[in-house]
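Peer 1: Sharing model35.pdb below, PDB, C-alpha atoms:
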MODEL        1
ATOM      1  CA  MET R 387     -18.485  -4.666  20.505
ATOM      2  CA  LYS R 388     -20.508  -3.312  17.637
ATOM      3  CA  VAL R 389     -19.013  -4.764  14.470
ATOM      4  CA  LEU R 390     -19.718  -4.019  10.822
ATOM      5  CA  VAL R 391     -19.517  -7.165   8.681
ATOM      6  CA  THR R 392     -19.596  -6.518   4.945
ATOM      7  CA  GLY R 393     -20.575  -9.311   2.585
ATOM      8  CA  VAL R 394     -22.654 -10.758   5.409
ATOM      9  CA  ALA R 395     -24.839 -12.861   3.085
ATOM     10  CA  GLY R 396     -21.724 -14.467   1.635
ATOM     11  CA  PHE R 397     -20.158 -17.768   2.655
ATOM     12  CA  ILE R 398     -17.474 -16.488   5.033
ATOM     13  CA  GLY R 399     -19.426 -13.387   6.063
ATOM     14  CA  ALA R 400     -22.414 -15.384   7.320
ATOM     15  CA  HIS R 401     -20.206 -17.659   9.426
ATOM     16  CA  VAL R 402     -18.233 -14.731  10.872
ATOM     17  CA  ALA R 403     -21.437 -12.871  11.772
ATOM     18  CA  GLN R 404     -22.817 -16.007  13.452
ATOM     19  CA  ALA R 405     -19.639 -16.425  15.521
ATOM     20  CA  LEU R 406     -19.588 -12.766  16.593
ATOM     21  CA  LEU R 407     -23.231 -12.930  17.667
ATOM     22  CA  ALA R 408     -22.667 -16.209  19.507
ATOM     23  CA  ARG R 409     -20.012 -14.603  21.701
ATOM     24  CA  GLY R 410     -22.205 -11.585  22.490
ATOM     25  CA  ASP R 411     -21.150  -8.908  20.004
ATOM     26  CA  LYS R 412     -23.640  -6.783  18.081
ATOM     27  CA  VAL R 413     -23.429  -7.051  14.294
ATOM     28  CA  VAL R 414     -24.571  -4.788  11.505
ATOM     29  CA  GLY R 415     -24.270  -6.719   8.266
ATOM     30  CA  ILE R 416     -24.420  -5.304   4.768
ATOM     31  CA  ASP R 417     -24.591  -7.028   1.384
ATOM     32  CA  ASN R 418     -25.863  -6.041  -2.067
ATOM     33  CA  ILE R 419     -27.266  -9.565  -2.696
ATOM     34  CA  ASN R 420     -25.974  -9.564  -6.282
ATOM     35  CA  ASP R 421     -26.812 -12.394  -8.659
ATOM     36  CA  TYR R 422     -23.262 -13.693  -9.222
ATOM     37  CA  TYR R 423     -24.776 -16.926  -7.894
ATOM     38  CA  ASP R 424     -28.165 -18.088  -6.576
ATOM     39  CA  VAL R 425     -29.579 -15.320  -4.376
ATOM     40  CA  SER R 426     -31.870 -17.754  -2.536
ATOM     41  CA  LEU R 427     -28.779 -19.255  -0.889
ATOM     42  CA  LYS R 428     -27.795 -15.785   0.314
ATOM     43  CA  HIS R 429     -31.234 -15.155   1.805
ATOM     44  CA  ASP R 430     -31.139 -18.566   3.496
ATOM     45  CA  ARG R 431     -27.765 -17.701   5.028
ATOM     46  CA  LEU R 432     -29.268 -14.505   6.454
ATOM     47  CA  ARG R 433     -32.120 -16.505   7.989
ATOM     48  CA  TRP R 434     -29.556 -18.937   9.434
ATOM     49  CA  ILE R 435     -27.645 -16.051  11.031
ATOM     50  CA  GLY R 436     -30.811 -14.773  12.656
ATOM     51  CA  GLN R 437     -31.725 -18.046  14.332
ATOM     52  CA  HIS R 438     -31.556 -18.252  18.148
ATOM     53  CA  ILE R 439     -30.291 -14.702  18.709
ATOM     54  CA  HIS R 440     -31.817 -11.643  20.297
ATOM     55  CA  ALA R 441     -33.502  -9.472  17.680
ATOM     56  CA  ASP R 442     -31.533  -6.395  18.739
ATOM     57  CA  SER R 443     -28.165  -8.077  18.202
ATOM     58  CA  PHE R 444     -28.230  -8.304  14.410
ATOM     59  CA  GLU R 445     -29.278  -5.801  11.771
ATOM     60  CA  PHE R 446     -29.093  -6.474   8.048
ATOM     61  CA  ILE R 447     -28.957  -3.624   5.533
ATOM     62  CA  LYS R 448     -29.020  -4.215   1.793
ATOM     63  CA  MET R 449     -26.261  -1.970   0.494
ATOM     64  CA  ASP R 450     -23.572  -1.845  -2.176
ATOM     65  CA  ILE R 451     -20.122  -0.981  -0.819
ATOM     66  CA  ALA R 452     -19.417   0.950  -4.036
ATOM     67  CA  ASP R 453     -22.271   3.382  -3.215
ATOM     68  CA  ILE R 454     -20.378   6.354  -1.759
ATOM     69  CA  PRO R 455     -23.343   8.289  -0.223
ATOM     70  CA  ALA R 456     -24.824   5.128   1.312
ATOM     71  CA  MET R 457     -21.522   4.054   2.825
ATOM     72  CA  THR R 458     -20.865   7.561   4.173
ATOM     73  CA  SER R 459     -24.266   7.578   5.872
ATOM     74  CA  LEU R 460     -23.776   4.049   7.232
ATOM     75  CA  PHE R 461     -20.600   4.940   9.110
ATOM     76  CA  ALA R 462     -22.086   8.224  10.346
ATOM     77  CA  GLU R 463     -25.239   6.569  11.671
ATOM     78  CA  HIS R 464     -23.618   3.569  13.371
ATOM     79  CA  GLN R 465     -20.723   4.038  15.732
ATOM     80  CA  PHE R 466     -18.873   0.830  14.911
ATOM     81  CA  ASP R 467     -16.027  -0.342  17.109
ATOM     82  CA  LYS R 468     -14.428  -2.579  14.492
ATOM     83  CA  VAL R 469     -14.981  -3.649  10.879
ATOM     84  CA  VAL R 470     -14.674  -7.049   9.195
ATOM     85  CA  HIS R 471     -14.647  -6.402   5.459
ATOM     86  CA  LEU R 472     -15.494  -9.527   3.463
ATOM     87  CA  ALA R 473     -17.570  -8.068   0.617
ATOM     88  CA  ALA R 474     -15.946  -8.394  -2.798
ATOM     89  CA  GLN R 475     -16.578  -9.527  -6.317
ATOM     90  CA  ALA R 476     -15.276 -13.069  -6.059
ATOM     91  CA  GLY R 477     -14.060 -15.542  -8.654
ATOM     92  CA  VAL R 478     -10.822 -15.800 -10.589
ATOM     93  CA  ARG R 479     -12.270 -16.766 -13.967
ATOM     94  CA  TYR R 480     -15.176 -14.297 -13.819
ATOM     95  CA  SER R 481     -12.616 -11.484 -13.556
ATOM     96  CA  ILE R 482     -11.521 -12.360 -17.098
ATOM     97  CA  GLU R 483     -15.095 -12.043 -18.355
ATOM     98  CA  ASN R 484     -16.231  -8.995 -16.378
ATOM     99  CA  PRO R 485     -13.281  -6.913 -15.160
ATOM    100  CA  HIS R 486     -15.309  -3.784 -14.386
ATOM    101  CA  ALA R 487     -17.223  -5.597 -11.626
ATOM    102  CA  TYR R 488     -13.918  -6.078  -9.792
ATOM    103  CA  ILE R 489     -12.894  -2.444 -10.046
ATOM    104  CA  SER R 490     -16.270  -1.317  -8.704
ATOM    105  CA  ALA R 491     -16.512  -3.729  -5.758
ATOM    106  CA  ASN R 492     -12.895  -4.456  -4.900
ATOM    107  CA  ILE R 493     -11.283  -1.068  -5.540
ATOM    108  CA  VAL R 494     -14.023   1.592  -5.242
ATOM    109  CA  GLY R 495     -15.799  -0.382  -2.515
ATOM    110  CA  PHE R 496     -12.626  -0.882  -0.500
ATOM    111  CA  THR R 497     -11.848   2.839  -0.741
ATOM    112  CA  ASN R 498     -15.251   3.555   0.825
ATOM    113  CA  ILE R 499     -14.467   1.151   3.668
ATOM    114  CA  LEU R 500     -11.107   2.807   4.322
ATOM    115  CA  GLU R 501     -12.648   6.282   4.267
ATOM    116  CA  GLY R 502     -15.389   5.235   6.689
ATOM    117  CA  CYS R 503     -12.842   3.734   9.064
ATOM    118  CA  ARG R 504     -10.595   6.774   8.822
ATOM    119  CA  HIS R 505     -13.301   9.332   9.578
ATOM    120  CA  HIS R 506     -14.967   7.388  12.393
ATOM    121  CA  GLN R 507     -11.999   6.220  14.487
ATOM    122  CA  ILE R 508     -12.491   2.512  13.869
ATOM    123  CA  ALA R 509     -10.265   0.578  16.288
ATOM    124  CA  HIS R 510      -9.372  -2.168  13.809
ATOM    125  CA  LEU R 511     -10.158  -3.097  10.202
ATOM    126  CA  VAL R 512      -9.772  -6.769   9.274
ATOM    127  CA  TYR R 513     -10.258  -7.446   5.571
ATOM    128  CA  ALA R 514     -10.188 -10.361   3.151
ATOM    129  CA  SER R 515      -7.232 -10.732   0.861
ATOM    130  CA  SER R 516      -6.576 -13.975  -1.032
ATOM    131  CA  SER R 517      -4.003 -16.668  -1.710
ATOM    132  CA  SER R 518      -4.455 -15.630  -5.358
ATOM    133  CA  VAL R 519      -2.046 -12.732  -4.776
ATOM    134  CA  TYR R 520       0.873 -15.176  -4.935
ATOM    135  CA  GLY R 521       0.217 -15.520  -8.656
ATOM    136  CA  ALA R 522       3.259 -16.697 -10.596
ATOM    137  CA  ASN R 523       5.253 -17.379  -7.417
ATOM    138  CA  GLU R 524       6.296 -21.057  -7.335
ATOM    139  CA  ALA R 525       8.186 -21.163  -4.004
ATOM    140  CA  MET R 526       6.383 -23.424  -1.522
ATOM    141  CA  PRO R 527       4.957 -22.935   1.004
ATOM    142  CA  PHE R 528       3.700 -19.419   0.291
ATOM    143  CA  THR R 529       4.877 -17.100   3.050
ATOM    144  CA  VAL R 530       3.871 -13.532   3.783
ATOM    145  CA  ASN R 531       7.518 -12.603   3.259
ATOM    146  CA  ASP R 532       7.294 -13.593  -0.429
ATOM    147  CA  ASN R 533       7.122 -11.094  -3.264
ATOM    148  CA  VAL R 534       3.564 -10.921  -4.673
ATOM    149  CA  ASP R 535       4.075  -8.570  -7.609
ATOM    150  CA  HIS R 536       3.096 -11.027 -10.354
ATOM    151  CA  PRO R 537      -0.677 -11.716 -10.158
ATOM    152  CA  VAL R 538      -2.189 -13.860 -12.930
ATOM    153  CA  SER R 539      -5.803 -12.607 -12.696
ATOM    154  CA  LEU R 540      -7.485  -9.249 -12.180
ATOM    155  CA  TYR R 541      -9.129 -10.659  -9.055
ATOM    156  CA  ALA R 542      -5.679 -11.313  -7.591
ATOM    157  CA  ALA R 543      -4.466  -7.875  -8.660
ATOM    158  CA  SER R 544      -7.448  -6.230  -6.935
ATOM    159  CA  LYS R 545      -6.646  -8.059  -3.695
ATOM    160  CA  LYS R 546      -2.988  -7.004  -3.846
ATOM    161  CA  ALA R 547      -4.234  -3.453  -4.445
ATOM    162  CA  ASN R 548      -6.342  -3.701  -1.275
ATOM    163  CA  GLU R 549      -3.248  -4.560   0.751
ATOM    164  CA  LEU R 550      -1.403  -1.550  -0.661
ATOM    165  CA  MET R 551      -4.365   0.766  -0.099
ATOM    166  CA  ALA R 552      -4.697  -0.420   3.501
ATOM    167  CA  HIS R 553      -1.025   0.289   4.116
ATOM    168  CA  THR R 554      -1.460   3.845   2.880
ATOM    169  CA  TYR R 555      -4.256   4.485   5.379
ATOM    170  CA  SER R 556      -2.367   2.762   8.185
ATOM    171  CA  HIS R 557       0.640   4.977   7.423
ATOM    172  CA  LEU R 558      -1.183   8.274   6.920
ATOM    173  CA  TYR R 559      -3.903   7.986   9.565
ATOM    174  CA  GLN R 560      -2.596   5.302  11.970
ATOM    175  CA  LEU R 561      -5.613   3.140  11.132
ATOM    176  CA  PRO R 562      -4.867  -0.418  12.327
ATOM    177  CA  THR R 563      -5.492  -2.835   9.443
ATOM    178  CA  THR R 564      -5.014  -6.589   9.095
ATOM    179  CA  GLY R 565      -5.264  -8.364   5.738
ATOM    180  CA  LEU R 566      -5.972 -12.100   5.709
ATOM    181  CA  ARG R 567      -5.004 -14.136   2.658
ATOM    182  CA  PHE R 568      -7.626 -16.901   2.612
ATOM    183  CA  PHE R 569      -6.700 -20.307   1.186
ATOM    184  CA  THR R 570      -9.480 -22.360  -0.530
ATOM    185  CA  VAL R 571     -12.229 -22.126   2.067
ATOM    186  CA  TYR R 572     -14.896 -24.853   2.089
ATOM    187  CA  GLY R 573     -17.697 -26.084   4.331
ATOM    188  CA  PRO R 574     -21.439 -25.715   4.983
ATOM    189  CA  TRP R 575     -23.151 -22.781   3.255
ATOM    190  CA  GLY R 576     -20.338 -22.639   0.681
ATOM    191  CA  ARG R 577     -20.535 -20.990  -2.723
ATOM    192  CA  PRO R 578     -22.219 -23.032  -5.482
ATOM    193  CA  ASP R 579     -19.579 -21.954  -8.017
ATOM    194  CA  MET R 580     -16.841 -23.672  -6.003
ATOM    195  CA  ALA R 581     -15.672 -27.270  -6.422
ATOM    196  CA  PRO R 582     -17.317 -28.950  -3.371
ATOM    197  CA  ILE R 583     -20.897 -28.073  -4.379
ATOM    198  CA  LYS R 584     -20.310 -28.373  -8.135
ATOM    199  CA  PHE R 585     -18.691 -31.785  -7.711
ATOM    200  CA  SER R 586     -21.286 -33.057  -5.226
ATOM    201  CA  LYS R 587     -24.164 -32.056  -7.478
ATOM    202  CA  ALA R 588     -22.617 -33.761 -10.504
ATOM    203  CA  ILE R 589     -21.587 -36.925  -8.654
ATOM    204  CA  LEU R 590     -25.073 -37.455  -7.210
ATOM    205  CA  ALA R 591     -26.601 -36.845 -10.658
ATOM    206  CA  ASP R 592     -24.189 -39.376 -12.192
ATOM    207  CA  GLU R 593     -22.726 -36.636 -14.401
ATOM    208  CA  ALA R 594     -19.057 -36.123 -15.242
ATOM    209  CA  ILE R 595     -17.101 -33.537 -13.247
ATOM    210  CA  LYS R 596     -14.571 -31.308 -14.991
ATOM    211  CA  VAL R 597     -11.171 -31.874 -13.407
ATOM    212  CA  PHE R 598      -8.752 -29.187 -14.554
ATOM    213  CA  ASN R 599      -4.978 -29.589 -14.709
ATOM    214  CA  TYR R 600      -5.768 -33.321 -14.936
ATOM    215  CA  GLY R 601      -6.375 -33.353 -11.180
ATOM    216  CA  ASN R 602      -2.803 -32.389 -10.341
ATOM    217  CA  HIS R 603      -3.769 -29.143  -8.620
ATOM    218  CA  ARG R 604      -2.843 -28.969  -4.959
ATOM    219  CA  ARG R 605      -4.992 -26.739  -2.789
ATOM    220  CA  ASP R 606      -4.652 -25.805   0.868
ATOM    221  CA  PHE R 607      -8.317 -26.627   1.585
ATOM    222  CA  THR R 608      -9.302 -24.833   4.807
ATOM    223  CA  TYR R 609     -12.487 -25.634   6.711
ATOM    224  CA  ILE R 610     -14.741 -22.667   7.441
ATOM    225  CA  ASP R 611     -14.597 -23.052  11.244
ATOM    226  CA  ASP R 612     -10.808 -22.685  11.148
ATOM    227  CA  ILE R 613     -11.154 -19.592   8.978
ATOM    228  CA  VAL R 614     -13.680 -18.016  11.349
ATOM    229  CA  ALA R 615     -11.467 -18.692  14.373
ATOM    230  CA  GLY R 616      -8.595 -16.949  12.585
ATOM    231  CA  VAL R 617     -10.741 -13.950  11.667
ATOM    232  CA  LEU R 618     -11.982 -13.462  15.242
ATOM    233  CA  HIS R 619      -8.520 -13.950  16.750
ATOM    234  CA  SER R 620      -7.160 -11.369  14.305
ATOM    235  CA  LEU R 621      -9.981  -8.927  15.031
ATOM    236  CA  ASP R 622      -9.243  -9.134  18.761
ATOM    237  CA  ASN R 623      -5.493  -8.603  18.277
ATOM    238  CA  ILE R 624      -5.254  -5.074  16.936
ATOM    239  CA  ALA R 625      -2.498  -4.604  14.368
ATOM    240  CA  GLN R 626       0.647  -2.988  15.749
ATOM    241  CA  GLY R 627       3.565  -1.366  14.002
ATOM    242  CA  ASN R 628       6.779  -3.347  13.703
ATOM    243  CA  GLN R 629       9.434  -1.175  15.341
ATOM    244  CA  GLN R 630      12.200  -3.364  13.887
ATOM    245  CA  TRP R 631      11.040  -2.673  10.325
ATOM    246  CA  GLN R 632      13.736  -1.211   8.079
ATOM    247  CA  GLY R 633      13.231   0.554   4.784
ATOM    248  CA  THR R 634      16.622  -0.706   3.625
ATOM    249  CA  ALA R 635      15.412  -4.319   3.899
ATOM    250  CA  PRO R 636      11.604  -4.026   3.972
ATOM    251  CA  ASP R 637       9.515  -6.907   5.327
ATOM    252  CA  PRO R 638       6.513  -7.295   2.943
ATOM    253  CA  ALA R 639       4.186  -8.458   5.741
ATOM    254  CA  THR R 640       4.706  -5.715   8.338
ATOM    255  CA  SER R 641       5.425  -2.013   8.586
ATOM    256  CA  LYS R 642       6.245   0.696  11.068
ATOM    257  CA  ALA R 643       2.577   1.590  10.561
ATOM    258  CA  PRO R 644      -0.108  -0.555  12.301
ATOM    259  CA  TRP R 645      -0.486  -2.825   9.244
ATOM    260  CA  ARG R 646      -0.244  -6.601   9.041
ATOM    261  CA  ILE R 647      -0.667  -9.285   6.399
ATOM    262  CA  TYR R 648      -1.237 -12.959   7.268
ATOM    263  CA  ASN R 649      -1.884 -16.231   5.487
ATOM    264  CA  ILE R 650      -4.851 -18.154   6.850
ATOM    265  CA  GLY R 651      -4.973 -21.760   5.697
ATOM    266  CA  ALA R 652      -4.761 -25.368   6.820
ATOM    267  CA  GLN R 653      -1.023 -25.606   6.033
ATOM    268  CA  LYS R 654      -1.685 -29.044   4.475
ATOM    269  CA  PRO R 655      -2.067 -28.926   0.679
ATOM    270  CA  VAL R 656      -4.245 -31.681  -0.799
ATOM    271  CA  GLN R 657      -4.102 -32.923  -4.379
ATOM    272  CA  LEU R 658      -7.396 -32.313  -6.161
ATOM    273  CA  LEU R 659      -7.762 -36.013  -7.021
ATOM    274  CA  HIS R 660      -7.444 -36.885  -3.315
ATOM    275  CA  PHE R 661     -10.070 -34.281  -2.435
ATOM    276  CA  ILE R 662     -12.401 -35.889  -4.991
ATOM    277  CA  GLU R 663     -11.726 -39.329  -3.487
ATOM    278  CA  THR R 664     -12.596 -37.976  -0.024
ATOM    279  CA  LEU R 665     -15.804 -36.464  -1.414
ATOM    280  CA  GLU R 666     -16.676 -39.756  -3.141
ATOM    281  CA  HIS R 667     -16.256 -41.626   0.134
ATOM    282  CA  ALA R 668     -18.496 -39.191   2.026
ATOM    283  CA  LEU R 669     -21.174 -39.288  -0.689
ATOM    284  CA  GLY R 670     -20.956 -43.035  -1.205
ATOM    285  CA  ARG R 671     -20.643 -42.576  -4.976
ATOM    286  CA  VAL R 672     -17.845 -42.772  -7.549
ATOM    287  CA  ALA R 673     -17.293 -39.704  -9.748
ATOM    288  CA  LYS R 674     -17.103 -39.701 -13.508
ATOM    289  CA  LYS R 675     -14.126 -37.488 -14.360
ATOM    290  CA  GLU R 676     -13.423 -35.382 -17.442
ATOM    291  CA  LEU R 677      -9.698 -34.582 -17.213
ATOM    292  CA  LEU R 678      -8.835 -31.189 -18.741
ATOM    293  CA  PRO R 679      -5.835 -28.793 -19.032
ATOM    294  CA  ILE R 680      -5.262 -25.973 -16.555
ATOM    295  CA  GLN R 681      -7.550 -22.938 -16.959
ATOM    296  CA  PRO R 682      -6.354 -19.360 -17.637
ATOM    297  CA  GLY R 683      -5.816 -17.462 -14.373
ATOM    298  CA  ASP R 684      -5.373 -20.617 -12.279
ATOM    299  CA  VAL R 685      -2.253 -21.421 -10.291
ATOM    300  CA  PRO R 686      -1.137 -25.076 -10.019
ATOM    301  CA  ASP R 687      -0.646 -25.182  -6.239
ATOM    302  CA  THR R 688      -1.401 -23.267  -3.062
ATOM    303  CA  TYR R 689       0.246 -23.975   0.281
ATOM    304  CA  ALA R 690       0.001 -21.601   3.229
ATOM    305  CA  ASP R 691       2.725 -20.923   5.747
ATOM    306  CA  VAL R 692       0.609 -19.714   8.695
ATOM    307  CA  GLU R 693       3.328 -19.489  11.342
ATOM    308  CA  ALA R 694       3.088 -15.691  11.566
ATOM    309  CA  LEU R 695      -0.620 -15.943  12.400
ATOM    310  CA  VAL R 696       0.080 -18.728  14.906
ATOM    311  CA  LYS R 697       2.753 -16.634  16.613
ATOM    312  CA  ASP R 698       0.897 -13.321  16.663
ATOM    313  CA  VAL R 699      -2.732 -14.264  17.360
ATOM    314  CA  GLY R 700      -2.689 -17.920  18.432
ATOM    315  CA  TYR R 701      -4.340 -19.325  15.296
ATOM    316  CA  ARG R 702      -4.074 -23.065  14.734
ATOM    317  CA  PRO R 703      -6.162 -24.989  12.152
ATOM    318  CA  LYS R 704      -7.822 -28.097  13.588
ATOM    319  CA  ILE R 705     -10.183 -29.699  11.074
ATOM    320  CA  THR R 706      -8.787 -32.472   8.844
ATOM    321  CA  ILE R 707      -9.870 -32.764   5.219
ATOM    322  CA  GLU R 708     -11.744 -36.000   6.025
ATOM    323  CA  GLU R 709     -13.706 -34.433   8.891
ATOM    324  CA  GLY R 710     -14.330 -31.202   6.988
ATOM    325  CA  VAL R 711     -15.632 -32.956   3.872
ATOM    326  CA  LYS R 712     -17.919 -35.158   5.999
ATOM    327  CA  ARG R 713     -19.410 -32.088   7.698
ATOM    328  CA  PHE R 714     -19.841 -30.382   4.335
ATOM    329  CA  VAL R 715     -21.584 -33.414   2.804
ATOM    330  CA  ASP R 716     -23.928 -33.730   5.807
ATOM    331  CA  TRP R 717     -24.972 -30.087   5.292
ATOM    332  CA  TYR R 718     -25.184 -30.436   1.504
ATOM    333  CA  GLN R 719     -27.473 -33.463   1.625
ATOM    334  CA  SER R 720     -29.679 -31.781   4.232
ATOM    335  CA  TYR R 721     -29.897 -28.374   2.542
ATOM    336  CA  TYR R 722     -30.318 -29.605  -1.027
ATOM    337  CA  LYS R 723     -32.298 -32.709   0.031
ATOM    338  CA  ALA R 724     -29.839 -34.741  -2.043
TER     339      ALA R 724
ENDMDL
END
Give the structure from this file in structure tokens form.

Peer 2:
Amino acid sequence: MKVLVTGVAGFIGAHVAQALLARGDKVVGIDNINDYYDVSLKHDRLRWIGQHIHADSFEFIKMDIADIPAMTSLFAEHQFDKVVHLAAQAGVRYSIENPHAYISANIVGFTNILEGCRHHQIAHLVYASSSSVYGANEAMPFTVNDNVDHPVSLYAASKKANELMAHTYSHLYQLPTTGLRFFTVYGPWGRPDMAPIKFSKAILADEAIKVFNYGNHRRDFTYIDDIVAGVLHSLDNIAQGNQQWQGTAPDPATSKAPWRIYNIGAQKPVQLLHFIETLEHALGRVAKKELLPIQPGDVPDTYADVEALVKDVGYRPKITIEEGVKRFVDWYQSYYKA
């Protein structure tokens, strides 16, 4: 297949592109290489993608998904079979500081993706949603049948909006779309604004790490290889309409239109303090901890019910937190020469 991967210089995007290329697909990757975090890491990811592949298999184009003329030309020039949309303005707390960045990338940009798919007969659009959409919901584990109408950050609200926008296009134009709610992804090539890299850097420098909610957070940490397997399985299983769907008792995760929503996580929530202990063991150092209250926009716990994804596409997470953290630390110490 010829697949468009947006956000290809990002953490998940780079791994997805690598996996698609490894199985023989052609990939066109786009990214605006913004400076939300260190751009050198993004360029290094692109070089990593390009290793050991045929030159004709991968093309990178620097492009902003919010640029309407550029996105229109991109879809017209390349006859994509499918699209994996991972580009977004990330970060829960940054959405409090800079809300307009989220409207531009996550709303305007997603509209451009939907329009490109609609006008060019894309067979399947798989896009990134987020566990953040569960917001104020406290029922555990989070299931795709839960109500998600109470987001607690603009980032979460933008991801819920993406799911609604996708449904509209699936309904009006029969565009198959699958939204994947990612749960706390970690692993090699991860984002430097996320806990694994921030904590590792501080621990090795003998500096205190900030532990919010006094370490009582629980997160469904999901290793990147499990995420990538779920993305590719979903891409290969084109969304179908649910013929049993009833408007009198609507299922929030399906529709009569070819539209699906899935959780993608490890289904094993880990307390933040235990994650830190696992990281300490892998690094061979003890962390200094500054225990702090919960931050605005944060949710105390995340816990994914992934049974729908298991049933429909055969997804099953495999990597334990101990194995995943060890692999991450091996990469971190190699890449950062730490």

Peer 1: Between R:Arg671, R:Gln475, R:Lys596, R:Val402, single out the one closest to Ala487 (chain R), counting all atoms listed in the file.

Peer 2: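 Going through R:Arg671, R:Gln475, R:Lys596, R:Val402 one by one, the smallest distance to Ala487 (chain R) is for R:Gln475.
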
Peer 1: Taking the file as shown, find all residues satisfying the PyMOL selection byres ((chain R and resi 506) around 12) and write them as a list in words.

Peer 2: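 Checking the PyMOL selection byres ((chain R and resi 506) around 12) against this file, the residues are Thr458, Ser459, Leu460, Phe461, Ala462, Glu463, His464, Gln465, Phe466, Asp467, Lys468, Val469, Ile499, Leu500, Glu501, Gly502, Cys503, Arg504, His505, Gln507, Ile508, Ala509, His510, Leu511, Tyr559 and Leu561 of chain R.
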
Peer 1: Which polymer residues have any atom within 10 Å of an atom of region 704-706 of chain R, counting only C-alpha atoms, with same-chain residues fewer than 3 positions away left out, as number ranges by chain?

Peer 2: R: 607-612, 652, 654, 701, 709-712

Peer 1: Suppose a student applies the PyMOL selection byres ((chain R and resi 546) around 9) to this structure; what residues should they get, written as a list in words?

Peer 2: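 With the shown file as input, the PyMOL selection byres ((chain R and resi 546) around 9) matches Ser515, Ser516, Ser518, Val519, Val534, Asp535, Pro537, Tyr541, Ala542, Ala543, Ser544, Lys545, Ala547, Asn548, Glu549, Leu550 and Met551 of chain R.
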
Peer 1: Can you write out as a tab-separated table which residues of region 501-602 of chain R fall within 12 Å of region 414-422 of chain R, alongside each residue's closest atom pair and its distance in Å to one decimal, counting all atoms listed in the file and ordering rows by chain and ascending residue number?

Peer 2:
residue	atom	partner	partner_atom	distance
R:Arg577	CA	R:Tyr422	CA	10.1
R:Pro578	CA	R:Tyr422	CA	10.1
R:Asp579	CA	R:Tyr422	CA	9.1

Peer 1: Name every residue that the PyMOL selection byres ((chain R and resi 692-696) around 10) selects in this structure, writing the answer as a list in words with chains first and numbers rising.

Peer 2: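 On the file shown, the PyMOL selection byres ((chain R and resi 692-696) around 10) covers Pro527, Phe528, Thr529, Val530, Asn531, Leu566, Arg567, Gly616, His619, Ser620, Ala639, Arg646, Ile647, Tyr648, Asn649, Ile650, Gly651, Ala652, Gln653, Tyr689, Ala690, Asp691, Lys697, Asp698, Val699, Gly700, Tyr701, Arg702 and Pro703 of chain R.
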
Peer 1: Hey, can you spit out that residue selection with C-alpha atoms as a JSON list (two decimals), keeping the file's coordinate frame?

Peer 2:
[["chain", "number", "residue", "atom", "x", "y", "z"],
["R", 527, "PRO", "CA", 4.96, -22.94, 1.00],
["R", 528, "PHE", "CA", 3.70, -19.42, 0.29],
["R", 529, "THR", "CA", 4.88, -17.10, 3.05],
["R", 530, "VAL", "CA", 3.87, -13.53, 3.78],
["R", 531, "ASN", "CA", 7.52, -12.60, 3.26],
["R", 566, "LEU", "CA", -5.97, -12.10, 5.71],
["R", 567, "ARG", "CA", -5.00, -14.14, 2.66],
["R", 616, "GLY", "CA", -8.60, -16.95, 12.58],
["R", 619, "HIS", "CA", -8.52, -13.95, 16.75],
["R", 620, "SER", "CA", -7.16, -11.37, 14.30],
["R", 639, "ALA", "CA", 4.19, -8.46, 5.74],
["R", 646, "ARG", "CA", -0.24, -6.60, 9.04],
["R", 647, "ILE", "CA", -0.67, -9.28, 6.40],
["R", 648, "TYR", "CA", -1.24, -12.96, 7.27],
["R", 649, "ASN", "CA", -1.88, -16.23, 5.49],
["R", 650, "ILE", "CA", -4.85, -18.15, 6.85],
["R", 651, "GLY", "CA", -4.97, -21.76, 5.70],
["R", 652, "ALA", "CA", -4.76, -25.37, 6.82],
["R", 653, "GLN", "CA", -1.02, -25.61, 6.03],
["R", 689, "TYR", "CA", 0.25, -23.98, 0.28],
["R", 690, "ALA", "CA", 0.00, -21.60, 3.23],
["R", 691, "ASP", "CA", 2.72, -20.92, 5.75],
["R", 697, "LYS", "CA", 2.75, -16.63, 16.61],
["R", 698, "ASP", "CA", 0.90, -13.32, 16.66],
["R", 699, "VAL", "CA", -2.73, -14.26, 17.36],
["R", 700, "GLY", "CA", -2.69, -17.92, 18.43],
["R", 701, "TYR", "CA", -4.34, -19.32, 15.30],
["R", 702, "ARG", "CA", -4.07, -23.06, 14.73],
["R", 703, "PRO", "CA", -6.16, -24.99, 12.15]]

Peer 1: Considering only C-alpha atoms, can you say which of R:Ala581, R:Leu678, R:Val538, R:Ala668 comes closest to Val597 (chain R)?

Peer 2: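 Checking each candidate against Val597 (chain R), we get R:Leu678 as the closest.
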
Peer 1: Could you please determine the separation between CA of Asp442 (chain R) and CA of Ala400 (chain R) in Å, to one decimal place?

Peer 2: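 Here the two named atoms are 17.2 Å from each other.
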
Peer 1: Any chance you could tabulate, as CSV, the residues of region 556-623 of chain R at most 12 Å from region 430-437 of chain R with each one's nearest atom pair and distance in Å to one decimal, using only C-alpha atoms, in chain and rising number order?

Peer 2:
residue,atom,partner,partner_atom,distance
R:Pro574,CA,R:Arg431,CA,10.2
R:Trp575,CA,R:Arg431,CA,7.1
R:Gly576,CA,R:Arg431,CA,9.9
R:Arg577,CA,R:Arg431,CA,11.1

Peer 1: Find the residues around Val478 (chain R) up to 8 Å (all atoms listed in the file counted), leave out those fewer than 3 positions away in its own chain, and share them as number ranges by chain.

Peer 2: R: 481-482, 539-542, 683-684

Peer 1: How would the residues just chosen look if you wrote them out with C-alpha atoms as a short mmCIF file (atom, residue, chain, number, x, y, z; two decimals), keeping the file's coordinate frame?

Peer 2:
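Here's the written file again_29.cif:
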data_model
loop_
_atom_site.label_atom_id
_atom_site.label_comp_id
_atom_site.auth_asym_id
_atom_site.auth_seq_id
_atom_site.Cartn_x
_atom_site.Cartn_y
_atom_site.Cartn_z
CA SER R 481 -12.62 -11.48 -13.56
CA ILE R 482 -11.52 -12.36 -17.10
CA SER R 539 -5.80 -12.61 -12.70
CA LEU R 540 -7.48 -9.25 -12.18
CA TYR R 541 -9.13 -10.66 -9.06
CA ALA R 542 -5.68 -11.31 -7.59
CA GLY R 683 -5.82 -17.46 -14.37
CA ASP R 684 -5.37 -20.62 -12.28
#
